[in-house]
$ cat upload-v8.txt   # compact mmCIF, C-alpha atoms and all ligand atoms
# COMPACT_ATOMS: atom_id res chain seq x y z
CA MET A 28 -20.81 -3.65 -16.62
CA ILE A 29 -17.07 -4.21 -17.05
CA PRO A 30 -16.47 -7.93 -17.77
CA THR A 31 -13.57 -8.59 -15.38
CA LEU A 32 -13.92 -12.37 -15.62
CA GLU A 33 -16.50 -14.77 -16.95
CA TRP A 34 -17.20 -18.49 -16.96
CA THR A 35 -17.70 -19.62 -20.58
CA PRO A 36 -18.07 -23.09 -22.14
CA ALA A 37 -14.51 -22.69 -23.49
CA GLY A 38 -12.96 -21.81 -20.09
CA VAL A 39 -12.65 -18.83 -17.75
CA ASN A 40 -12.19 -15.63 -19.70
CA PHE A 41 -10.21 -12.84 -17.99
CA LEU A 42 -9.83 -9.20 -19.00
CA ASP A 43 -6.03 -8.81 -19.03
CA GLN A 44 -5.47 -6.08 -16.42
CA THR A 45 -1.72 -6.00 -17.08
CA LYS A 46 -2.49 -4.45 -20.47
CA LEU A 47 -4.96 -1.76 -19.33
CA PRO A 48 -5.56 1.06 -20.07
CA LEU A 49 -3.89 0.83 -23.45
CA GLU A 50 -5.25 -2.52 -24.64
CA GLU A 51 -8.53 -4.31 -23.88
CA THR A 52 -7.59 -7.94 -24.43
CA TYR A 53 -8.71 -11.22 -22.87
CA VAL A 54 -6.90 -14.30 -21.64
CA LEU A 55 -8.79 -17.61 -21.77
CA ALA A 56 -7.80 -20.08 -19.04
CA THR A 57 -8.76 -23.61 -20.03
CA ASP A 58 -7.41 -25.48 -17.00
CA TYR A 59 -6.76 -24.80 -13.32
CA GLN A 60 -3.02 -24.33 -13.82
CA GLN A 61 -3.75 -21.48 -16.23
CA VAL A 62 -6.17 -19.92 -13.73
CA ALA A 63 -3.37 -20.08 -11.12
CA THR A 64 -0.99 -18.32 -13.52
CA VAL A 65 -3.58 -15.64 -14.29
CA ILE A 66 -3.96 -14.91 -10.54
CA ARG A 67 -0.20 -15.00 -9.80
CA ASP A 68 0.64 -12.74 -12.76
CA MET A 69 -2.12 -10.27 -11.79
CA ILE A 70 -3.99 -10.61 -15.07
CA VAL A 71 -6.88 -10.69 -12.59
CA ARG A 72 -6.39 -8.92 -9.24
CA GLY A 73 -8.34 -7.37 -6.40
CA ALA A 74 -9.52 -9.47 -3.47
CA PRO A 75 -13.13 -10.31 -4.47
CA ALA A 76 -12.14 -11.02 -8.10
CA ILE A 77 -9.32 -13.27 -6.88
CA GLY A 78 -11.81 -15.07 -4.60
CA VAL A 79 -14.23 -15.88 -7.43
CA SER A 80 -11.29 -16.76 -9.73
CA GLY A 81 -10.05 -19.23 -7.11
CA ALA A 82 -13.52 -20.81 -6.98
CA MET A 83 -13.69 -20.99 -10.79
CA GLY A 84 -10.16 -22.45 -10.82
CA VAL A 85 -11.21 -25.34 -8.56
CA ALA A 86 -14.42 -25.80 -10.57
CA ILE A 87 -12.62 -25.97 -13.91
CA GLY A 88 -10.05 -28.35 -12.42
CA ILE A 89 -12.83 -30.71 -11.31
CA GLU A 90 -14.89 -30.27 -14.48
CA ARG A 91 -11.95 -31.10 -16.76
CA SER A 92 -10.54 -33.93 -14.63
CA ASN A 93 -10.19 -37.36 -16.27
CA ALA A 94 -10.41 -39.15 -12.90
CA SER A 95 -12.73 -42.14 -13.14
CA THR A 96 -13.15 -42.86 -9.41
CA LEU A 97 -14.00 -40.63 -6.45
CA PRO A 98 -10.79 -41.38 -4.52
CA GLU A 99 -8.79 -40.45 -7.62
CA LEU A 100 -10.76 -37.21 -8.04
CA THR A 101 -10.45 -36.39 -4.33
CA ALA A 102 -6.66 -36.66 -4.54
CA GLU A 103 -6.68 -34.39 -7.60
CA VAL A 104 -8.86 -31.81 -5.85
CA GLU A 105 -6.26 -31.52 -3.06
CA VAL A 106 -3.57 -30.70 -5.67
CA ILE A 107 -5.88 -28.27 -7.50
CA CYS A 108 -6.71 -26.40 -4.28
CA SER A 109 -3.12 -26.17 -3.06
CA THR A 110 -1.87 -24.99 -6.47
CA LEU A 111 -4.44 -22.18 -6.49
CA ALA A 112 -3.84 -21.33 -2.81
CA GLU A 113 -0.12 -20.79 -3.45
CA THR A 114 -0.68 -17.95 -5.92
CA ARG A 115 -1.17 -14.90 -3.65
CA PRO A 116 -1.10 -14.93 0.16
CA THR A 117 -2.79 -11.76 1.44
CA ALA A 118 -6.37 -11.59 0.09
CA VAL A 119 -8.36 -13.95 2.31
CA ASN A 120 -11.08 -14.08 -0.37
CA LEU A 121 -8.85 -16.44 -2.40
CA PHE A 122 -8.92 -19.04 0.38
CA TRP A 123 -12.61 -18.41 0.93
CA GLY A 124 -13.41 -19.00 -2.78
CA ILE A 125 -11.31 -22.16 -2.96
CA GLY A 126 -12.86 -23.36 0.31
CA GLN A 127 -16.42 -22.85 -0.92
CA VAL A 128 -15.93 -25.23 -3.88
CA ARG A 129 -13.78 -27.70 -1.92
CA ASP A 130 -16.48 -27.92 0.79
CA ILE A 131 -19.30 -28.67 -1.65
CA PHE A 132 -17.06 -31.21 -3.40
CA ASN A 133 -16.21 -32.94 -0.11
CA GLY A 134 -19.89 -33.01 0.89
CA LEU A 135 -20.97 -34.60 -2.39
CA ALA A 136 -18.02 -37.03 -2.45
CA ALA A 137 -18.90 -38.15 1.09
CA LYS A 138 -22.36 -39.11 -0.23
CA ASN A 139 -20.83 -41.05 -3.16
CA THR A 140 -22.47 -38.70 -5.67
CA PRO A 141 -21.73 -39.70 -9.29
CA ILE A 142 -18.82 -37.71 -10.77
CA PRO A 143 -20.86 -36.07 -13.59
CA GLU A 144 -23.30 -34.71 -10.98
CA ILE A 145 -20.42 -33.37 -8.89
CA LYS A 146 -19.01 -31.62 -11.95
CA THR A 147 -22.31 -29.90 -12.64
CA ALA A 148 -22.71 -28.86 -9.00
CA VAL A 149 -19.24 -27.26 -8.64
CA VAL A 150 -19.62 -25.31 -11.88
CA GLU A 151 -23.05 -24.08 -10.78
CA LEU A 152 -21.59 -22.99 -7.43
CA ALA A 153 -18.72 -21.07 -9.06
CA LYS A 154 -21.19 -19.25 -11.30
CA ARG A 155 -23.41 -18.48 -8.30
CA LEU A 156 -20.46 -16.99 -6.38
CA TYR A 157 -19.87 -14.70 -9.36
CA ASP A 158 -23.50 -13.49 -9.27
CA GLU A 159 -23.38 -13.13 -5.49
CA ASP A 160 -20.25 -10.97 -5.70
CA ILE A 161 -22.06 -8.48 -7.93
CA ALA A 162 -25.10 -8.47 -5.63
CA GLN A 163 -22.88 -7.98 -2.54
CA CYS A 164 -21.05 -5.05 -4.13
CA LYS A 165 -24.35 -3.40 -5.06
CA ALA A 166 -25.67 -3.92 -1.51
CA LEU A 167 -22.56 -2.52 0.14
CA GLY A 168 -22.62 0.37 -2.32
CA ALA A 169 -26.15 1.16 -1.20
CA ASN A 170 -25.16 0.86 2.48
CA GLY A 171 -22.26 3.28 2.08
CA ALA A 172 -23.49 5.79 -0.49
CA ASP A 173 -24.84 8.36 1.97
CA LEU A 174 -21.63 8.35 4.01
CA LEU A 175 -20.00 10.15 1.10
CA PRO A 176 -20.49 13.92 0.71
CA LYS A 177 -23.42 15.22 -1.36
CA GLN A 178 -20.85 17.35 -3.13
CA GLY A 179 -17.12 16.94 -2.75
CA THR A 180 -13.88 15.17 -3.52
CA VAL A 181 -13.20 11.60 -2.46
CA LEU A 182 -9.73 10.06 -2.46
CA THR A 183 -9.23 6.38 -3.22
CA HIS A 184 -6.09 4.25 -3.22
CA CYS A 185 -5.38 1.31 -5.57
CA ASN A 186 -8.32 -0.12 -7.51
CA ALA A 187 -11.27 -1.44 -5.54
CA GLY A 188 -13.63 -1.20 -8.46
CA ALA A 189 -15.38 -3.31 -11.08
CA LEU A 190 -11.96 -4.60 -12.11
CA ALA A 191 -11.22 -5.85 -8.59
CA THR A 192 -14.57 -7.65 -8.34
CA CYS A 193 -16.98 -9.35 -10.72
CA GLY A 194 -18.22 -6.04 -12.05
CA TYR A 195 -19.35 -3.22 -9.71
CA GLY A 196 -16.68 -2.67 -7.11
CA THR A 197 -16.40 -2.15 -3.36
CA ALA A 198 -14.91 1.31 -2.69
CA LEU A 199 -15.78 2.36 -6.24
CA GLY A 200 -19.14 0.59 -5.83
CA VAL A 201 -19.93 2.98 -2.97
CA ILE A 202 -18.87 5.90 -5.16
CA ARG A 203 -20.99 4.56 -8.05
CA ALA A 204 -24.02 4.17 -5.76
CA ALA A 205 -23.57 7.72 -4.42
CA VAL A 206 -23.36 9.11 -7.95
CA GLU A 207 -26.48 7.11 -8.91
CA ARG A 208 -28.24 8.86 -5.97
CA GLY A 209 -27.28 12.27 -7.30
CA HIS A 210 -24.13 13.04 -5.26
CA HIS A 211 -21.66 15.23 -7.15
CA ILE A 212 -18.38 13.48 -6.50
CA ASP A 213 -14.97 14.14 -7.94
CA VAL A 214 -12.65 11.21 -7.45
CA LEU A 215 -8.96 11.57 -6.71
CA ALA A 216 -7.13 8.36 -7.60
CA ASP A 217 -3.73 7.78 -6.00
CA GLU A 218 -1.53 6.42 -8.77
CA THR A 219 -0.54 3.52 -6.44
CA ARG A 220 3.10 2.75 -7.07
CA PRO A 221 4.59 0.44 -8.07
CA TYR A 222 1.83 -1.37 -9.99
CA LEU A 223 -0.19 1.76 -10.80
CA GLN A 224 -3.62 0.27 -10.13
CA GLY A 225 -4.95 3.80 -9.49
CA ALA A 226 -3.44 5.50 -12.52
CA ARG A 227 -4.12 2.63 -14.92
CA LEU A 228 -7.24 0.88 -13.65
CA THR A 229 -9.29 3.18 -11.38
CA ALA A 230 -8.90 6.06 -13.82
CA TRP A 231 -9.84 3.78 -16.75
CA GLU A 232 -13.01 2.35 -15.25
CA LEU A 233 -14.30 5.60 -13.72
CA MET A 234 -13.76 7.46 -16.98
CA LYS A 235 -15.78 4.74 -18.75
CA ASP A 236 -18.61 5.60 -16.32
CA SER A 237 -18.10 9.37 -16.84
CA ILE A 238 -17.29 9.92 -13.15
CA PRO A 239 -14.90 12.92 -12.91
CA THR A 240 -11.48 11.52 -11.99
CA THR A 241 -8.07 13.05 -11.35
CA VAL A 242 -4.89 11.02 -10.85
CA LEU A 243 -2.29 12.17 -8.32
CA CYS A 244 1.07 10.74 -7.31
CA ASP A 245 0.99 8.88 -4.00
CA ASN A 246 3.00 11.57 -2.23
CA MET A 247 0.54 14.38 -3.05
CA ALA A 248 -2.45 13.43 -0.89
CA GLY A 249 -1.19 15.13 2.29
CA HIS A 250 -0.70 18.42 0.50
CA LEU A 251 -4.22 18.32 -0.96
CA MET A 252 -5.71 17.38 2.42
CA SER A 253 -3.95 20.33 4.07
CA LYS A 254 -5.58 22.61 1.48
CA GLY A 255 -9.09 21.28 2.31
CA ARG A 256 -9.37 19.59 -1.08
CA ILE A 257 -10.41 16.11 0.15
CA GLN A 258 -13.69 15.44 2.01
CA ALA A 259 -13.49 11.64 2.42
CA VAL A 260 -11.24 8.66 1.74
CA ILE A 261 -12.58 5.26 0.70
CA VAL A 262 -10.54 2.12 0.03
CA GLY A 263 -11.09 -1.62 -0.36
CA ALA A 264 -9.55 -4.42 1.68
CA ASP A 265 -7.68 -7.65 1.12
CA ARG A 266 -8.15 -9.01 4.62
CA ILE A 267 -9.78 -7.56 7.72
CA ALA A 268 -8.72 -9.07 11.05
CA ALA A 269 -11.27 -9.80 13.78
CA ASN A 270 -10.34 -6.51 15.51
CA GLY A 271 -10.86 -4.41 12.33
CA ASP A 272 -7.17 -3.99 11.38
CA THR A 273 -7.24 -3.94 7.59
CA ALA A 274 -4.70 -5.09 5.01
CA ASN A 275 -4.98 -3.24 1.72
CA LYS A 276 -2.66 -2.05 -1.03
CA ILE A 277 0.69 -0.69 0.09
CA GLY A 278 0.33 3.01 0.91
CA THR A 279 -3.15 2.72 2.43
CA TYR A 280 -1.70 2.94 5.96
CA SER A 281 0.00 6.28 5.23
CA VAL A 282 -3.22 7.68 3.71
CA SER A 283 -5.17 6.63 6.83
CA ILE A 284 -2.80 8.55 9.12
CA LEU A 285 -2.98 11.61 6.88
CA ALA A 286 -6.78 11.42 6.96
CA LYS A 287 -6.80 11.16 10.77
CA GLU A 288 -4.47 14.16 11.12
CA HIS A 289 -6.73 16.26 8.89
CA GLY A 290 -10.04 15.09 10.44
CA ILE A 291 -11.17 13.44 7.19
CA PRO A 292 -13.34 10.28 7.41
CA PHE A 293 -11.54 7.14 6.25
CA TYR A 294 -13.84 4.33 5.06
CA VAL A 295 -13.10 0.72 4.17
CA ALA A 296 -15.57 -1.03 1.85
CA ALA A 297 -15.49 -4.81 1.57
CA PRO A 298 -17.77 -7.83 1.37
CA PHE A 299 -18.14 -9.61 4.70
CA ASN A 300 -16.10 -12.57 3.41
CA THR A 301 -13.02 -10.30 3.51
CA ILE A 302 -13.24 -10.44 7.31
CA ASP A 303 -10.97 -13.18 8.63
CA LEU A 304 -12.35 -14.10 12.05
CA ALA A 305 -9.49 -16.58 12.49
CA THR A 306 -6.91 -13.77 12.45
CA ALA A 307 -7.12 -11.78 15.69
CA THR A 308 -5.17 -8.65 14.66
CA GLY A 309 -3.41 -7.17 11.66
CA ALA A 310 -0.08 -8.53 12.93
CA GLY A 311 -1.23 -12.01 11.85
CA ILE A 312 -1.98 -11.06 8.21
CA PRO A 313 0.62 -12.41 5.73
CA ILE A 314 2.02 -9.66 3.51
CA GLU A 315 2.91 -10.61 -0.06
CA GLN A 316 6.39 -9.56 -1.20
CA ARG A 317 6.54 -9.07 -4.95
CA ASN A 318 9.27 -9.03 -7.56
CA PRO A 319 11.76 -6.13 -7.05
CA ARG A 320 11.56 -5.52 -10.79
CA GLU A 321 8.15 -3.86 -10.26
CA VAL A 322 10.06 -1.13 -8.38
CA THR A 323 13.30 -1.00 -10.37
CA HIS A 324 11.62 -0.83 -13.78
CA SER A 325 8.89 1.29 -15.32
CA ASN A 326 7.50 0.30 -18.71
CA GLY A 327 10.46 -2.03 -19.22
CA LYS A 328 12.94 0.78 -18.50
CA GLN A 329 15.35 0.52 -15.54
CA MET A 330 14.89 3.44 -13.11
CA THR A 331 17.36 2.59 -10.33
CA PRO A 332 21.11 1.93 -10.23
CA ASP A 333 22.26 -1.69 -10.62
CA GLY A 334 22.57 -3.54 -7.32
CA VAL A 335 20.64 -1.09 -5.10
CA GLY A 336 18.51 -2.71 -2.35
CA ILE A 337 14.76 -2.86 -3.08
CA GLU A 338 11.66 -3.22 -0.90
CA ASN A 339 8.39 -4.33 -2.48
CA PRO A 340 5.70 -5.34 0.03
CA ALA A 341 2.39 -5.39 -1.89
CA PHE A 342 0.17 -4.57 1.11
CA ASP A 343 0.23 -2.83 4.47
CA VAL A 344 -2.03 -2.92 7.51
CA THR A 345 -4.13 0.05 8.60
CA PRO A 346 -4.83 -0.17 12.34
CA ALA A 347 -8.54 -0.22 13.18
CA LYS A 348 -8.17 3.04 15.15
CA TYR A 349 -7.75 4.97 11.89
CA ILE A 350 -10.89 3.53 10.27
CA THR A 351 -14.09 5.58 10.58
CA ALA A 352 -16.34 2.72 9.41
CA ILE A 353 -16.21 -0.59 7.54
CA ILE A 354 -18.95 -0.81 4.92
CA THR A 355 -20.22 -4.32 4.10
CA GLU A 356 -23.21 -5.76 2.28
CA ARG A 357 -24.67 -6.69 5.68
CA GLY A 358 -24.39 -3.19 7.13
CA VAL A 359 -21.92 -0.58 8.34
CA LEU A 360 -19.51 -1.58 11.13
CA ARG A 361 -18.20 0.96 13.64
CA ALA A 362 -15.65 0.77 16.46
CA PRO A 363 -15.17 -1.12 18.68
CA TYR A 364 -14.74 -3.49 15.72
CA ASN A 365 -14.04 -6.56 17.83
CA GLU A 366 -17.60 -6.29 19.10
CA SER A 367 -19.39 -5.06 15.97
CA ILE A 368 -17.71 -7.70 13.75
CA ARG A 369 -18.50 -10.50 16.19
CA ALA A 370 -22.13 -9.35 16.48
CA MET A 371 -22.54 -9.22 12.68
CA ALA A 372 -21.00 -12.69 12.27
CA LEU A 373 -23.29 -14.09 14.95
CA GLU A 374 -26.37 -12.47 13.45
CA SER A 375 -25.56 -14.06 10.06
CA GLU A 376 -25.06 -17.48 11.66
CA LEU A 377 -28.44 -17.16 13.35
CA THR A 378 -30.09 -16.11 10.08
CA LEU A 379 -28.50 -19.06 8.28
CA ALA A 380 -29.59 -21.45 11.03
CA ALA A 381 -33.16 -20.14 10.75
CA VAL A 382 -33.51 -20.93 7.00
O1 LIG B 401 -2.40 -6.35 -5.66
P1 LIG B 401 -3.84 -6.10 -6.01
O2 LIG B 401 -4.03 -5.22 -7.18
O3 LIG B 401 -4.61 -7.40 -6.10
O4 LIG B 401 -4.40 -5.32 -4.74
C1 LIG B 401 -5.72 -4.91 -4.73
C2 LIG B 401 -6.09 -4.11 -3.54
O5 LIG B 401 -5.31 -3.88 -2.65
C3 LIG B 401 -7.53 -3.71 -3.44
O6 LIG B 401 -7.66 -2.48 -2.80
C4 LIG B 401 -8.28 -4.77 -2.62
O7 LIG B 401 -8.06 -6.05 -3.15
C5 LIG B 401 -9.72 -4.52 -2.56
S1 LIG B 401 -10.48 -4.81 -4.10
C6 LIG B 401 -12.13 -4.63 -4.01

$ encode --input "upload-v8.txt" --output "structure tokens" --more "lines below"
Ligand code: MRU
Amino acid sequence: MIPTLEWTPAGVNFLDQTKLPLEETYVLATDYQQVATVIRDMIVRGAPAIGVSGAMGVAIGIERSNASTLPELTAEVEVICSTLAETRPTAVNLFWGIGQVRDIFNGLAAKNTPIPEIKTAVVELAKRLYDEDIAQCKALGANGADLLPKQGTVLTHCNAGALATCGYGTALGVIRAAVERGHHIDVLADETRPYLQGARLTAWELMKDSIPTTVLCDNMAGHLMSKGRIQAVIVGADRIAANGDTANKIGTYSVSILAKEHGIPFYVAAPFNTIDLATATGAGIPIEQRNPREVTHSNGKQMTPDGVGIENPAFDVTPAKYITAIITERGVLRAPYNESIRAMALESELTLAAV
């Protein structure tokens, strides 16, 4: 298992993804401000990993607080949560993770629970969310494995793997599960400009698992599809609207249209907490704009003329009509997504109410 992030007695330990694949080094965050920096600077990235990091950030903020009264601690928790929430806007998992710890804190504070007990409870919750993330990825992997060809080439975009989660992956989790079942899969990894999550991270983690992997530039997928070289596409998601429109790494939208044109199935794999029922369509998903330097420079070297205009949206939205299925740990969703998503949400509410 690739240790993307880990709660330790010394703090939250993060594998520094900015340094991969050349260096395997770790960054220890010992307070919530450092966790916020780690998320903002993409030392940790990928929606589910960001979600659990957000939860651990709130937990470490509460655990290390010197507040001696509950009102004092409650005021601090508001600052902790808003600091972490301001790091990255698109992945809804971040707000989910922060919300999980804030909710348990508010519940315990409302009952006047002693501060040491609250500290123990929030740390336990953050650790549980970590374990649950791994279990969810394995379950969605199992749900999606047989959608992939028994033998063939699967294209993925960005990194939706162990590095983007707590250790198994969503899109790459489905690929891992298929390989574990004996499918012979060759993976094509889009390099994913400008941050190169495919070339640096997907290639690194799949090679560690001995899954055959080939990197291609983002503009090569259409050519390979036209030659019959790609049998399926699978990607992760940062936020799925209630109608199935899906925000994922910039470039995913173009790949989805190419897949449609060539009659190739296009799958999205994500834990159910990536679905944002409060956002009706993709038009309501906030798209992070990142530093133009990610586009103008490569490995510290300037690639573009001084003063040229630069675009750098980090995500785009794939309309639901291009998505063959959304694979979650609770099952596989098909169009019409408005209905299938609502039914799955309702079913989970009923199950929760029954226990
Ligand atoms: O900017 P990043 O690297 O955080 O973007 C990551 C992606 O777009 C992933 O595909 C997505 O978060 C799904 S990860 C399981």

$ residues_near_ligand --input "upload-v8.txt" --ligand "ligand LIG 401 (chain B)" --cutoff "7 Å" --atoms "all atoms listed in the file" --output "PyMOL selection string"
chain A and resi 69+72-75+118+184-188+191-192+196-198+224+262-265+275-276+297+341-342

$ closest_residue --input "upload-v8.txt" --among "A:Ile267, A:Cys164, A:Met247, A:Leu182" --to "Phe293 (chain A)" --atoms "only C-alpha atoms"
A:Leu182

$ atom_distance --input "upload-v8.txt" --atom1 "CA of Ile337 (chain A)" --atom2 "CA of Cys244 (chain A)"
19.8 Å

$ closest_residue --input "upload-v8.txt" --among "A:Ile284, A:Cys193, A:Ile87, A:Ala307" --to "Glu159 (chain A)" --atoms "only C-alpha atoms"
A:Cys193

$ residues_around --input "upload-v8.txt" --residues "Tyr59 (chain A)" --least-positions-apart "5" --cutoff "7 Å" --atoms "all atoms listed in the file" --output "list in words"
Gly84, Val85, Ile87, Gly88 and Ile107 of chain A

$ write_last_selection --input "upload-v8.txt" --atoms "C-alpha atoms" --output "PDB file, keeping the file's coordinate frame"
ATOM      1  CA  GLY A  84     -10.160 -22.450 -10.820  1.00  0.00           C
ATOM      2  CA  VAL A  85     -11.210 -25.340  -8.560  1.00  0.00           C
ATOM      3  CA  ILE A  87     -12.620 -25.970 -13.910  1.00  0.00           C
ATOM      4  CA  GLY A  88     -10.050 -28.350 -12.420  1.00  0.00           C
ATOM      5  CA  ILE A 107      -5.880 -28.270  -7.500  1.00  0.00           C
TER       6      ILE A 107
END

$ closest_residue --input "upload-v8.txt" --among "A:Pro30, A:Pro221, A:Gly124, A:Gly278" --to "Gln44 (chain A)" --atoms "only C-alpha atoms"
A:Pro30

$ atom_distance --input "upload-v8.txt" --atom1 "CA of Gly311 (chain A)" --atom2 "CA of Ile261 (chain A)"
23.5 Å

$ atom_distance --input "upload-v8.txt" --atom1 "CA of Ala370 (chain A)" --atom2 "CA of Ser80 (chain A)"
29.3 Å

$ residues_around --input "upload-v8.txt" --residues "Trp123 (chain A)" --least-positions-apart "3" --cutoff "8 Å" --atoms "all atoms listed in the file" --output "ChimeraX atom specification"
/A:78,119-120,126-127,300

$ residues_around --input "upload-v8.txt" --residues "region 346-354 of chain A" --least-positions-apart "6" --cutoff "10 Å" --atoms "only C-alpha atoms" --output "ChimeraX atom specification"
/A:166-172,174,197-198,201,260-264,267-274,280,282-288,291-299,308-310,360-365,368

$ residues_around --input "upload-v8.txt" --residues "Ile89 (chain A)" --least-positions-apart "2" --cutoff "12 Å" --atoms "only C-alpha atoms" --output "PyMOL selection string"
chain A and resi 57-60+82-87+91-95+97+99-108+128-129+131-133+142-150+153

$ closest_residue --input "upload-v8.txt" --among "A:Thr96, A:Gln178, A:Thr183, A:Thr117" --to "Pro340 (chain A)" --atoms "only C-alpha atoms"
A:Thr117

$ closest_residue --input "upload-v8.txt" --among "A:Thr240, A:Lys254, A:Arg115, A:Thr140" --to "Ala226 (chain A)" --atoms "all atoms listed in the file"
A:Thr240

$ residues_around --input "upload-v8.txt" --residues "Ala56 (chain A)" --least-positions-apart "4" --cutoff "7 Å" --atoms "all atoms listed in the file" --output "PyMOL selection string"
chain A and resi 38-40+61-62

$ closest_residue --input "upload-v8.txt" --among "A:Thr229, A:Ile257, A:Asp245, A:Leu32" --to "Lys154 (chain A)" --atoms "only C-alpha atoms"
A:Leu32

$ build_atoms --input "upload-v8.txt" --residues "region 238-244 of chain A" --atoms "all heavy atoms" --output "PDB file, keeping the file's coordinate frame"
ATOM      1  N   ILE A 238     -17.413   9.343 -14.494  1.00  0.00           N
ATOM      2  CA  ILE A 238     -17.290   9.920 -13.150  1.00  0.00           C
ATOM      3  C   ILE A 238     -15.997  10.745 -13.139  1.00  0.00           C
ATOM      4  O   ILE A 238     -14.924  10.213 -13.452  1.00  0.00           O
ATOM      5  CB  ILE A 238     -17.272   8.810 -12.070  1.00  0.00           C
ATOM      6  CG1 ILE A 238     -18.624   8.070 -12.087  1.00  0.00           C
ATOM      7  CG2 ILE A 238     -16.970   9.382 -10.679  1.00  0.00           C
ATOM      8  CD1 ILE A 238     -18.732   6.883 -11.156  1.00  0.00           C
ATOM      9  N   PRO A 239     -16.081  12.055 -12.812  1.00  0.00           N
ATOM     10  CA  PRO A 239     -14.900  12.920 -12.910  1.00  0.00           C
ATOM     11  C   PRO A 239     -13.744  12.386 -12.048  1.00  0.00           C
ATOM     12  O   PRO A 239     -13.922  12.144 -10.857  1.00  0.00           O
ATOM     13  CB  PRO A 239     -15.385  14.268 -12.388  1.00  0.00           C
ATOM     14  CG  PRO A 239     -16.865  14.204 -12.403  1.00  0.00           C
ATOM     15  CD  PRO A 239     -17.273  12.771 -12.339  1.00  0.00           C
ATOM     16  N   THR A 240     -12.596  12.185 -12.670  1.00  0.00           N
ATOM     17  CA  THR A 240     -11.480  11.520 -11.990  1.00  0.00           C
ATOM     18  C   THR A 240     -10.173  12.244 -12.279  1.00  0.00           C
ATOM     19  O   THR A 240      -9.905  12.617 -13.418  1.00  0.00           O
ATOM     20  CB  THR A 240     -11.364  10.061 -12.481  1.00  0.00           C
ATOM     21  OG1 THR A 240     -12.625   9.422 -12.279  1.00  0.00           O
ATOM     22  CG2 THR A 240     -10.288   9.295 -11.733  1.00  0.00           C
ATOM     23  N   THR A 241      -9.382  12.411 -11.226  1.00  0.00           N
ATOM     24  CA  THR A 241      -8.070  13.050 -11.350  1.00  0.00           C
ATOM     25  C   THR A 241      -7.044  12.113 -10.711  1.00  0.00           C
ATOM     26  O   THR A 241      -7.272  11.609  -9.610  1.00  0.00           O
ATOM     27  CB  THR A 241      -8.069  14.397 -10.596  1.00  0.00           C
ATOM     28  OG1 THR A 241      -9.094  15.217 -11.163  1.00  0.00           O
ATOM     29  CG2 THR A 241      -6.736  15.108 -10.703  1.00  0.00           C
ATOM     30  N   VAL A 242      -5.942  11.889 -11.395  1.00  0.00           N
ATOM     31  CA  VAL A 242      -4.890  11.020 -10.850  1.00  0.00           C
ATOM     32  C   VAL A 242      -3.845  11.904 -10.161  1.00  0.00           C
ATOM     33  O   VAL A 242      -3.494  12.975 -10.659  1.00  0.00           O
ATOM     34  CB  VAL A 242      -4.239  10.197 -11.979  1.00  0.00           C
ATOM     35  CG1 VAL A 242      -2.984   9.477 -11.486  1.00  0.00           C
ATOM     36  CG2 VAL A 242      -5.248   9.185 -12.534  1.00  0.00           C
ATOM     37  N   LEU A 243      -3.382  11.452  -8.990  1.00  0.00           N
ATOM     38  CA  LEU A 243      -2.290  12.170  -8.320  1.00  0.00           C
ATOM     39  C   LEU A 243      -1.214  11.163  -7.906  1.00  0.00           C
ATOM     40  O   LEU A 243      -1.515   9.977  -7.735  1.00  0.00           O
ATOM     41  CB  LEU A 243      -2.792  12.952  -7.103  1.00  0.00           C
ATOM     42  CG  LEU A 243      -3.317  12.173  -5.906  1.00  0.00           C
ATOM     43  CD1 LEU A 243      -3.327  13.064  -4.677  1.00  0.00           C
ATOM     44  CD2 LEU A 243      -4.718  11.669  -6.157  1.00  0.00           C
ATOM     45  N   CYS A 244       0.006  11.627  -7.786  1.00  0.00           N
ATOM     46  CA  CYS A 244       1.070  10.740  -7.310  1.00  0.00           C
ATOM     47  C   CYS A 244       0.807  10.455  -5.835  1.00  0.00           C
ATOM     48  O   CYS A 244       0.193  11.250  -5.127  1.00  0.00           O
ATOM     49  CB  CYS A 244       2.431  11.392  -7.492  1.00  0.00           C
ATOM     50  SG  CYS A 244       2.813  11.723  -9.212  1.00  0.00           S
TER      51      CYS A 244
END
